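**Q** File structure.cif below, mmCIF, C-alpha atoms and all ligand atoms:
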data_entry
loop_
_atom_site.group_PDB
_atom_site.id
_atom_site.type_symbol
_atom_site.label_atom_id
_atom_site.label_comp_id
_atom_site.auth_asym_id
_atom_site.auth_seq_id
_atom_site.Cartn_x
_atom_site.Cartn_y
_atom_site.Cartn_z
ATOM 1 C CA MET K 1 0.000 0.000 0.000
ATOM 2 C CA ARG K 2 1.293 3.446 -0.899
ATOM 3 C CA ARG K 3 2.108 5.523 2.190
ATOM 4 C CA MET K 4 0.434 8.903 2.445
ATOM 5 C CA PRO K 5 2.937 11.720 2.573
ATOM 6 C CA THR K 6 3.238 13.255 6.044
ATOM 7 C CA LEU K 7 1.928 16.607 4.827
ATOM 8 C CA THR K 8 -1.306 15.027 3.643
ATOM 9 C CA LEU K 9 -1.790 13.471 7.075
ATOM 10 C CA ILE K 10 -1.291 16.824 8.788
ATOM 11 C CA ALA K 11 -3.737 18.480 6.397
ATOM 12 C CA ALA K 12 -6.295 15.744 7.087
ATOM 13 C CA ALA K 13 -5.887 16.265 10.848
ATOM 14 C CA LEU K 14 -6.394 20.006 10.469
ATOM 15 C CA LEU K 15 -9.531 19.508 8.398
ATOM 16 C CA MET K 16 -11.155 17.158 10.915
ATOM 17 C CA PRO K 17 -14.225 18.754 12.507
ATOM 18 C CA ALA K 18 -13.459 20.467 15.830
ATOM 19 C CA PHE K 19 -16.624 19.062 17.392
ATOM 20 C CA PRO K 20 -17.921 15.500 17.372
ATOM 21 C CA ALA K 21 -20.690 14.685 14.955
ATOM 22 C CA SER K 22 -24.187 14.661 16.464
ATOM 23 C CA GLY K 23 -24.864 11.517 18.416
ATOM 24 C CA GLU K 24 -21.333 11.314 19.813
ATOM 25 C CA SER K 25 -20.876 12.595 23.347
ATOM 26 C CA ALA K 26 -19.792 16.260 23.507
ATOM 27 C CA ARG K 27 -16.477 17.253 25.042
ATOM 28 C CA PRO K 28 -16.921 18.221 28.704
ATOM 29 C CA ALA K 29 -16.860 21.982 29.368
ATOM 30 C CA ARG K 30 -13.814 23.340 31.178
ATOM 31 C CA VAL K 31 -14.209 23.205 34.936
ATOM 32 C CA MET K 32 -14.739 26.637 36.461
ATOM 33 C CA SER K 33 -12.249 27.628 39.135
ATOM 34 C CA ILE K 34 -12.717 30.639 41.410
ATOM 35 C CA PRO K 35 -9.945 31.663 43.817
ATOM 36 C CA VAL K 36 -10.751 31.496 47.536
ATOM 37 C CA PRO K 37 -10.662 35.140 48.669
ATOM 38 C CA ASP K 38 -8.273 35.958 51.524
ATOM 39 C CA ALA K 39 -9.018 39.339 53.123
ATOM 40 C CA ASP K 40 -5.772 39.390 55.145
ATOM 41 C CA ARG K 41 -3.689 38.978 52.026
ATOM 42 C CA GLY K 42 -5.924 41.601 50.365
ATOM 43 C CA ARG K 43 -4.981 44.062 53.106
ATOM 44 C CA ILE K 44 -1.295 43.468 52.400
ATOM 45 C CA ILE K 45 -1.506 43.852 48.639
ATOM 46 C CA PHE K 46 -3.766 46.906 48.968
ATOM 47 C CA VAL K 47 -0.573 48.581 50.206
ATOM 48 C CA ALA K 48 2.000 46.582 48.234
ATOM 49 C CA LYS K 49 0.312 47.163 44.864
ATOM 50 C CA GLY K 50 -0.175 50.871 45.596
ATOM 51 C CA CYS K 51 -4.005 51.030 45.777
ATOM 52 C CA VAL K 52 -3.580 52.937 49.049
ATOM 53 C CA VAL K 53 -1.905 55.800 47.176
ATOM 54 C CA CYS K 54 -5.311 56.743 45.724
ATOM 55 C CA HIS K 55 -7.886 54.942 47.904
ATOM 56 C CA ALA K 56 -8.499 55.168 51.636
ATOM 57 C CA VAL K 57 -9.742 52.449 53.963
ATOM 58 C CA ASN K 58 -10.559 53.276 57.566
ATOM 59 C CA GLY K 59 -9.470 56.868 56.857
ATOM 60 C CA VAL K 60 -5.962 55.772 55.790
ATOM 61 C CA GLY K 61 -4.835 56.421 52.219
ATOM 62 C CA GLY K 62 -5.259 58.802 49.290
ATOM 63 C CA LYS K 63 -8.378 60.577 48.095
ATOM 64 C CA ALA K 64 -7.868 60.562 44.327
ATOM 65 C CA GLY K 65 -10.288 57.613 44.093
ATOM 66 C CA PRO K 66 -13.362 56.805 46.200
ATOM 67 C CA ALA K 67 -12.794 55.318 49.684
ATOM 68 C CA LEU K 68 -13.044 51.528 49.654
ATOM 69 C CA ASP K 69 -14.644 51.069 53.075
ATOM 70 C CA ALA K 70 -16.830 47.989 53.421
ATOM 71 C CA SER K 71 -20.497 48.616 52.719
ATOM 72 C CA GLU K 72 -23.030 48.672 55.546
ATOM 73 C CA PRO K 73 -24.553 46.381 56.558
ATOM 74 C CA ALA K 74 -22.048 43.628 55.866
ATOM 75 C CA GLY K 75 -23.531 41.115 53.467
ATOM 76 C CA VAL K 76 -22.681 38.846 50.620
ATOM 77 C CA PHE K 77 -19.841 40.014 48.408
ATOM 78 C CA ASP K 78 -18.973 38.933 44.916
ATOM 79 C CA PRO K 79 -15.356 39.236 43.734
ATOM 80 C CA LEU K 80 -16.573 39.466 40.142
ATOM 81 C CA ASP K 81 -18.726 42.439 41.110
ATOM 82 C CA PHE K 82 -15.626 44.062 42.573
ATOM 83 C CA ALA K 83 -13.797 43.391 39.305
ATOM 84 C CA ALA K 84 -16.713 45.008 37.440
ATOM 85 C CA ARG K 85 -16.438 48.113 39.648
ATOM 86 C CA MET K 86 -12.719 48.261 38.940
ATOM 87 C CA TRP K 87 -13.426 47.889 35.237
ATOM 88 C CA ARG K 88 -15.796 50.891 35.349
ATOM 89 C CA GLY K 89 -13.106 52.959 37.069
ATOM 90 C CA ALA K 90 -10.349 51.564 34.840
ATOM 91 C CA PRO K 91 -9.896 54.453 32.377
ATOM 92 C CA ALA K 92 -9.290 57.021 35.149
ATOM 93 C CA MET K 93 -7.271 54.572 37.261
ATOM 94 C CA ILE K 94 -4.983 53.593 34.439
ATOM 95 C CA GLU K 95 -4.407 57.199 33.430
ATOM 96 C CA LEU K 96 -3.537 58.190 37.011
ATOM 97 C CA GLN K 97 -1.404 55.104 37.621
ATOM 98 C CA SER K 98 0.569 55.728 34.451
ATOM 99 C CA LEU K 99 1.194 59.325 35.510
ATOM 100 C CA GLU K 100 2.057 58.486 39.114
ATOM 101 C CA PHE K 101 3.856 55.167 38.843
ATOM 102 C CA GLY K 102 4.765 55.053 35.164
ATOM 103 C CA TYR K 103 2.960 51.717 34.731
ATOM 104 C CA GLN K 104 -0.418 50.034 35.094
ATOM 105 C CA ILE K 105 -0.748 47.897 38.235
ATOM 106 C CA ASP K 106 -0.692 44.211 37.300
ATOM 107 C CA LEU K 107 -3.139 41.963 39.155
ATOM 108 C CA THR K 108 -3.763 38.211 39.143
ATOM 109 C CA ALA K 109 -7.204 36.669 39.646
ATOM 110 C CA ASN K 110 -6.126 35.825 43.207
ATOM 111 C CA ASP K 111 -5.098 39.420 43.854
ATOM 112 C CA ILE K 112 -8.515 40.703 42.736
ATOM 113 C CA ALA K 113 -10.364 38.123 44.854
ATOM 114 C CA ASP K 114 -8.260 39.017 47.909
ATOM 115 C CA LEU K 115 -8.685 42.767 47.374
ATOM 116 C CA ALA K 116 -12.448 42.244 47.016
ATOM 117 C CA ALA K 117 -12.509 40.292 50.289
ATOM 118 C CA PHE K 118 -10.554 43.049 52.041
ATOM 119 C CA ALA K 119 -12.886 45.710 50.607
ATOM 120 C CA GLU K 120 -15.868 43.966 52.246
ATOM 121 C CA ASN K 121 -14.388 42.891 55.573
ATOM 122 C CA HIS K 122 -15.147 45.290 58.444
ATOM 123 C CA GLU K 123 -13.113 43.352 60.984
ATOM 124 C CA ILE K 124 -9.918 43.465 58.974
ATOM 125 C CA GLN K 125 -10.495 47.021 57.744
ATOM 126 C CA ARG K 126 -10.824 48.279 61.330
ATOM 127 C CA LYS K 127 -7.249 47.120 61.964
ATOM 128 C CA PHE K 128 -5.947 49.040 58.930
ATOM 129 C CA SER K 129 -3.758 51.933 60.094
ATOM 130 C CA GLU K 130 -0.923 54.246 59.006
ATOM 131 C CA ASP K 131 1.506 51.757 60.568
ATOM 132 C CA GLU K 132 0.925 49.391 57.643
ATOM 133 C CA ILE K 133 2.188 51.920 55.122
ATOM 134 C CA PRO K 134 5.951 51.835 54.757
ATOM 135 C CA GLU K 135 7.627 55.141 55.694
ATOM 136 C CA ILE K 136 8.776 55.707 52.120
ATOM 137 C CA MET K 137 5.198 55.527 50.743
ATOM 138 C CA ARG K 138 3.584 57.900 53.228
ATOM 139 C CA GLY K 139 4.166 61.043 51.163
ATOM 140 C CA TRP K 140 2.823 59.452 48.004
ATOM 141 C CA THR K 141 -0.907 59.538 48.742
ATOM 142 C CA LEU K 142 -2.854 61.550 46.187
ATOM 143 C CA GLU K 143 -5.411 63.983 47.493
ATOM 144 C CA GLY K 144 -7.535 64.634 44.420
ATOM 145 C CA TYR K 145 -8.243 64.477 40.739
ATOM 146 C CA GLU K 146 -6.041 67.476 39.774
ATOM 147 C CA LEU K 147 -3.896 65.239 37.628
ATOM 148 C CA LEU K 148 -6.831 64.460 35.370
ATOM 149 C CA GLU K 149 -7.577 68.106 34.619
ATOM 150 C CA ALA K 150 -6.461 69.436 31.248
ATOM 151 C CA PRO K 151 -3.116 71.239 31.393
ATOM 152 C CA GLN K 152 -3.389 75.069 31.526
HETATM 153 C C1 LIG E 1 -3.268 56.340 40.775
HETATM 154 C C2 LIG E 1 -4.528 56.285 41.460
HETATM 155 C C3 LIG E 1 -5.217 54.961 41.670
HETATM 156 C C4 LIG E 1 -4.659 53.763 42.038
HETATM 157 C C5 LIG E 1 -3.212 53.455 42.311
HETATM 158 C C6 LIG E 1 -5.753 52.821 42.163
HETATM 159 N N1 LIG E 1 -6.931 53.434 41.869
HETATM 160 FE FE1 LIG E 1 -8.763 52.589 41.975
HETATM 161 N N2 LIG E 1 -9.586 54.319 41.297
HETATM 162 C C7 LIG E 1 -8.911 55.507 41.059
HETATM 163 C C8 LIG E 1 -9.849 56.517 40.616
HETATM 164 C C9 LIG E 1 -9.502 57.956 40.262
HETATM 165 C C10 LIG E 1 -11.106 55.886 40.570
HETATM 166 C C11 LIG E 1 -12.451 56.512 40.169
HETATM 167 C C12 LIG E 1 -12.619 56.372 38.695
HETATM 168 C C13 LIG E 1 -13.913 56.988 38.207
HETATM 169 O O1 LIG E 1 -14.715 57.463 39.007
HETATM 170 O O2 LIG E 1 -14.106 56.939 36.996
HETATM 171 C C14 LIG E 1 -10.907 54.513 41.003
HETATM 172 C C15 LIG E 1 -11.933 53.565 41.089
HETATM 173 C C16 LIG E 1 -11.793 52.335 41.710
HETATM 174 C C17 LIG E 1 -12.875 51.424 42.015
HETATM 175 C C18 LIG E 1 -14.351 51.666 41.702
HETATM 176 C C19 LIG E 1 -14.927 52.368 42.902
HETATM 177 C C20 LIG E 1 -16.433 52.520 42.795
HETATM 178 O O3 LIG E 1 -16.875 53.653 42.693
HETATM 179 O O4 LIG E 1 -17.132 51.520 42.827
HETATM 180 C C21 LIG E 1 -12.348 50.345 42.635
HETATM 181 C C22 LIG E 1 -13.114 49.137 43.188
HETATM 182 C C23 LIG E 1 -10.925 50.548 42.706
HETATM 183 N N3 LIG E 1 -10.634 51.768 42.123
HETATM 184 C C24 LIG E 1 -10.026 49.658 43.259
HETATM 185 C C25 LIG E 1 -8.639 49.812 43.207
HETATM 186 C C26 LIG E 1 -7.701 48.818 43.649
HETATM 187 C C27 LIG E 1 -8.088 47.478 44.254
HETATM 188 C C28 LIG E 1 -6.455 49.325 43.417
HETATM 189 C C29 LIG E 1 -5.135 48.648 43.620
HETATM 190 C C30 LIG E 1 -4.913 47.419 42.903
HETATM 191 C C31 LIG E 1 -6.626 50.650 42.852
HETATM 192 N N4 LIG E 1 -7.957 50.903 42.732
HETATM 193 C C32 LIG E 1 -5.593 51.491 42.505
HETATM 194 C C33 LIG E 1 -7.566 55.715 41.241
HETATM 195 C C34 LIG E 1 -6.650 54.738 41.565
#
As structure tokens, please, write out the structure in this file.
Ligand code: HEC

**A**
Amino acid sequence: MRRMPTLTLIAAALLMPAFPASGESARPARVMSIPVPDADRGRIIFVAKGCVVCHAVNGVGGKAGPALDASEPAGVFDPLDFAARMWRGAPAMIELQSLEFGYQIDLTANDIADLAAFAENHEIQRKFSEDEIPEIMRGWTLEGYELLEAPQ
């Protein structure tokens, strides 16, 4: 029997339908994975990532962005809802971060989940104080939106 050239085999593989024909069992969907939010870690990265330069919690931090104190009364929180809020604020945040830091803060899914947990945890927020901000960062907090105003 004549052997098919390798290229023909590759082409045949590429042309095979991506999905099984009807009647065959469908491929299982990817399993959804959601990080377990850790409010204590969120408190640490709120400072380490520089959110505190523009946002206050418990009266500590900048005022360029809205305070991120936990809502009253405490209830259910959704890390994806927090991500959606960040997304809405993204244009202004990115512009300010680029001006202030020279880069856009990079966040993993875990970081966002942990920040969301911190933003909704009264107990942990009550412990948040100036002492958590390293000396060198204390003068960096932004007080307002001036930076977004058009240059004179
Ligand atoms: C350089 C300043 C700056 C930094 C740093 C910054 N933000 Fe913001 N953030 C803003 C501003 C300004 C807004 C408001 C944007 C608007 O109103 O359009 C905002 C909006 C938000 C909102 C939406 C608030 C609402 O009204 O619901 C969230 C949530 C948020 N930021 C979280 C964070 C987190 C978490 C970090 C750190 C990873 C961070 N921000 C870092 C300036 C900043």

**Q** Counting all atoms listed in the file, which protein, DNA or RNA residues come within 6 Å of ligand LIG 1 (chain E), given as number ranges by chain?

**A** K: 46, 49-51, 53-54, 64-66, 82, 85-86, 89, 92-93, 96-97, 100, 115

**Q** Check which residues satisfy the PyMOL selection byres (((chain K and resi 121-133) around 7) and not hetatm) in the file shown, then give them as an MDAnalysis selection string.

**A** chainID K and resid 39:40 47 57:58 60 70 117:120 134:135 137:138

**Q** Record the distance separating CA of Gly42 (chain K) and CA of Ala113 (chain K), expressed in Å with one decimal.

**A**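 CA of Gly42 (chain K) sits 7.9 Å away from CA of Ala113 (chain K).
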
**Q** Take the point (-0.7, 42.1, 43.2) as written in the file and pick out every residue within 6 Å of it, counting only C-alpha atoms; give the list as a list in words.

**A**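 The answer, in the requested form, is Ile45, Lys49, Leu107 and Asp111 of chain K.
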
**Q** Kindly give the distance, in Å, that separates CA of Pro73 (chain K) and CA of Arg41 (chain K), rounded to a single decimal.

**A** 22.6 Å

**Q** Rounded to one decimal place, report the CA of Leu68 (chain K)-CA of Met32 (chain K) distance in Å.

**A**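 Between CA of Leu68 (chain K) and CA of Met32 (chain K) the gap is 28.2 Å.
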
**Q** Which residue is closest to Ala116 (chain K)? Choose from K:Pro28, K:Gly102, K:Gly62, K:Pro79 and count only C-alpha atoms.

**A**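 For Ala116 (chain K), the nearest of the candidates is K:Pro79.
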
**Q** Enclose the full set of atoms of region 69-78 of chain K listed in the file within a box whose edges lie along x, y and z, apply 4 Å of padding to each of the six sides, and report centre and edge lengths in Å to one decimal as lines of an AutoDock Vina configuration file.

**A**
center_x = -19.6
center_y = 45.0
center_z = 50.7
size_x = 17.9
size_y = 20.2
size_z = 19.6

**Q** Closest to Leu142 (chain K) among K:Ala74, K:Arg27, K:Leu99, K:Asp38, using only C-alpha atoms?

**A**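 Looking only at the distances to Leu142 (chain K), the closest residue turns out to be K:Leu99.
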